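First comes the structure, then the notes that go with it.
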Amino acid sequence: MQDSLLSQKANIQWFEEGERNTQFFHSKLREKRRRLQLNRIKKHKGNWVQGEEKIAKAAIRHFNSNFNLPTPTLDLSILNCISTKITQENRDSLDKEPNMDETRHATFSLSATSASGPDGYNGIFFHTCWDIIKDDINDLVWDFFKGTPLTKLISANQSGFVKDKLISENVLLAQEIVQYITINNNGGNFVLKLDMA
């Protein structure tokens, strides 16, 4: 009962004096700073390092050794275990530049009543206006095939399915954003995880 009473009194004291600029408040603050202070760290070999300068050097060595790893040598012979499903002829046809007939065939295979995008242009538009828009459509397909950036369609920070960009860049960007999420910003900050698949 006495412990319970003292515990209750401590909570009351914090409630009464904790929010004000009192000696109690500053003693709690000093105690918290003391607990959070990093006085020593253990190096990878198991020995302890003390002092701000030595701790800083040990941390720099640790992260340099983790993030400056040599480029791994890849043993591509393991790929020989995977059975070949695509022939050289298949590869060549994938790399072959599209022609007007292929573009026309793909365009006329669009559903006449449904729109392929938010602009509302459905298949009927593309079918009936083909003679007017065929050169523009063909140029668009050629530009896409050559890897020309599609202004306004693909944002500069998109890296999936864009030539010469890696989807792993998004992972690095996300890590950087989360690392700096505590920085104050107008309106506050938040992270929204949409799809990890």
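In the structure tokens, chains take letters A, B, ... by order of appearance, with residues numbered from 1 within each chain and ligands from 1 in the order shown.
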### Message
Residues near range 53-57 of chain A, anyone? I mean within 9 Å using only C-alpha atoms, not counting same-chain ones fewer than 2 positions away, as an MDAnalysis selection string.
### Response
chainID A and resid 38:41 49:51 59:62
Near Phe125 in chain A, counting only C-alpha atoms, which residues have an atom at most 12 Å away, once you skip same-chain residues fewer than 5 positions from it, shown as a short mmCIF file (atom, residue, chain, number, x, y, z; two decimals) with N, CA, C and O atoms, in the first residue's frame?
data_model
loop_
_atom_site.label_atom_id
_atom_site.label_comp_id
_atom_site.auth_asym_id
_atom_site.auth_seq_id
_atom_site.Cartn_x
_atom_site.Cartn_y
_atom_site.Cartn_z
N THR A 107 -3.68 -0.40 -82.52
CA THR A 107 -4.67 0.67 -82.34
C THR A 107 -6.07 0.17 -82.64
O THR A 107 -7.02 0.45 -81.91
N PHE A 108 -6.23 -0.62 -83.72
CA PHE A 108 -7.55 -1.10 -84.10
C PHE A 108 -8.02 -2.28 -83.24
O PHE A 108 -9.18 -2.68 -83.33
N LEU A 110 -8.05 -1.88 -80.04
CA LEU A 110 -8.64 -1.21 -78.88
C LEU A 110 -10.16 -1.38 -78.89
O LEU A 110 -10.78 -1.37 -79.95
N SER A 111 -10.74 -1.52 -77.71
CA SER A 111 -12.19 -1.61 -77.61
C SER A 111 -12.81 -0.29 -78.08
O SER A 111 -12.34 0.78 -77.74
N ALA A 112 -13.85 -0.39 -78.87
CA ALA A 112 -14.46 0.81 -79.46
C ALA A 112 -15.15 1.68 -78.41
O ALA A 112 -15.21 2.89 -78.56
N THR A 113 -15.63 1.07 -77.33
CA THR A 113 -16.44 1.84 -76.37
C THR A 113 -15.73 2.20 -75.09
O THR A 113 -16.26 2.97 -74.29
N SER A 114 -14.54 1.66 -74.85
CA SER A 114 -13.87 1.99 -73.58
C SER A 114 -12.63 2.85 -73.85
O SER A 114 -11.94 2.67 -74.84
N ALA A 115 -12.39 3.78 -72.93
CA ALA A 115 -11.23 4.67 -73.04
C ALA A 115 -10.03 4.04 -72.35
O ALA A 115 -10.15 3.45 -71.29
N SER A 116 -8.87 4.17 -72.95
CA SER A 116 -7.67 3.56 -72.38
C SER A 116 -7.03 4.44 -71.31
O SER A 116 -6.13 4.01 -70.62
N ASP A 119 -8.12 10.63 -70.39
CA ASP A 119 -8.47 11.69 -71.35
C ASP A 119 -9.83 11.45 -72.01
O ASP A 119 -10.40 12.36 -72.61
N GLY A 120 -10.36 10.23 -71.91
CA GLY A 120 -11.69 9.94 -72.44
C GLY A 120 -11.73 9.55 -73.90
O GLY A 120 -12.79 9.25 -74.43
N TRP A 130 -8.00 7.69 -87.68
CA TRP A 130 -6.70 7.06 -87.93
C TRP A 130 -5.90 7.79 -89.02
O TRP A 130 -4.70 8.03 -88.87
N ASP A 131 -6.53 8.16 -90.10
CA ASP A 131 -5.81 8.82 -91.19
C ASP A 131 -5.21 10.16 -90.76
O ASP A 131 -4.19 10.59 -91.30
N ILE A 132 -5.82 10.81 -89.79
CA ILE A 132 -5.33 12.11 -89.32
C ILE A 132 -4.22 11.95 -88.29
O ILE A 132 -3.23 12.67 -88.30
N ILE A 133 -4.37 10.96 -87.40
CA ILE A 133 -3.46 10.83 -86.25
C ILE A 133 -2.41 9.75 -86.40
O ILE A 133 -1.54 9.61 -85.53
N LYS A 134 -2.42 9.00 -87.50
CA LYS A 134 -1.53 7.83 -87.61
C LYS A 134 -0.05 8.20 -87.49
O LYS A 134 0.72 7.49 -86.84
#
So which residues touch Arg104 in chain A within 10 Å, counting only C-alpha atoms, skipping near sequence neighbours fewer than 4 positions away, as a short mmCIF file (atom, residue, chain, number, x, y, z; two decimals) with C-alpha atoms, in the first residue's frame?
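Below is the file that was written, selection-v5.cif:
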data_model
loop_
_atom_site.label_atom_id
_atom_site.label_comp_id
_atom_site.auth_asym_id
_atom_site.auth_seq_id
_atom_site.Cartn_x
_atom_site.Cartn_y
_atom_site.Cartn_z
CA ASN A 99 6.38 -0.52 -88.09
CA MET A 100 3.20 1.33 -89.07
CA PHE A 108 -7.55 -1.10 -84.10
CA SER A 109 -7.57 -3.84 -81.47
CA PHE A 126 -8.71 6.28 -82.82
CA HIS A 127 -10.50 4.14 -85.45
CA TRP A 130 -6.70 7.06 -87.93
CA LYS A 134 -1.53 7.83 -87.61
CA ILE A 137 0.69 7.73 -82.99
CA ASN A 138 3.51 6.06 -84.91
#
### Message
Quick check, in Å to one decimal: how far apart do CA of Gln179 in chain A and CA of Lys165 in chain A lie?
### Response
22.9 Å
### Task
Taking the DSSP assignment computed from this structure's backbone, write out as a PyMOL selection string all residues of range 23-133 of chain A that belong to helix (DSSP H, G or I).
chain A and resi 23-36+52-67+76-81+88-95+100-108+123-128+130-133
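CA of Ile183 in chain A is found 20.7 Å from CA of Arg33 in chain A.
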### Task
From chain A, collect each residue whose DSSP state is strand (DSSP E or B) and return the set as a PyMOL selection string.
chain A and resi 40-42+48-50+115+122
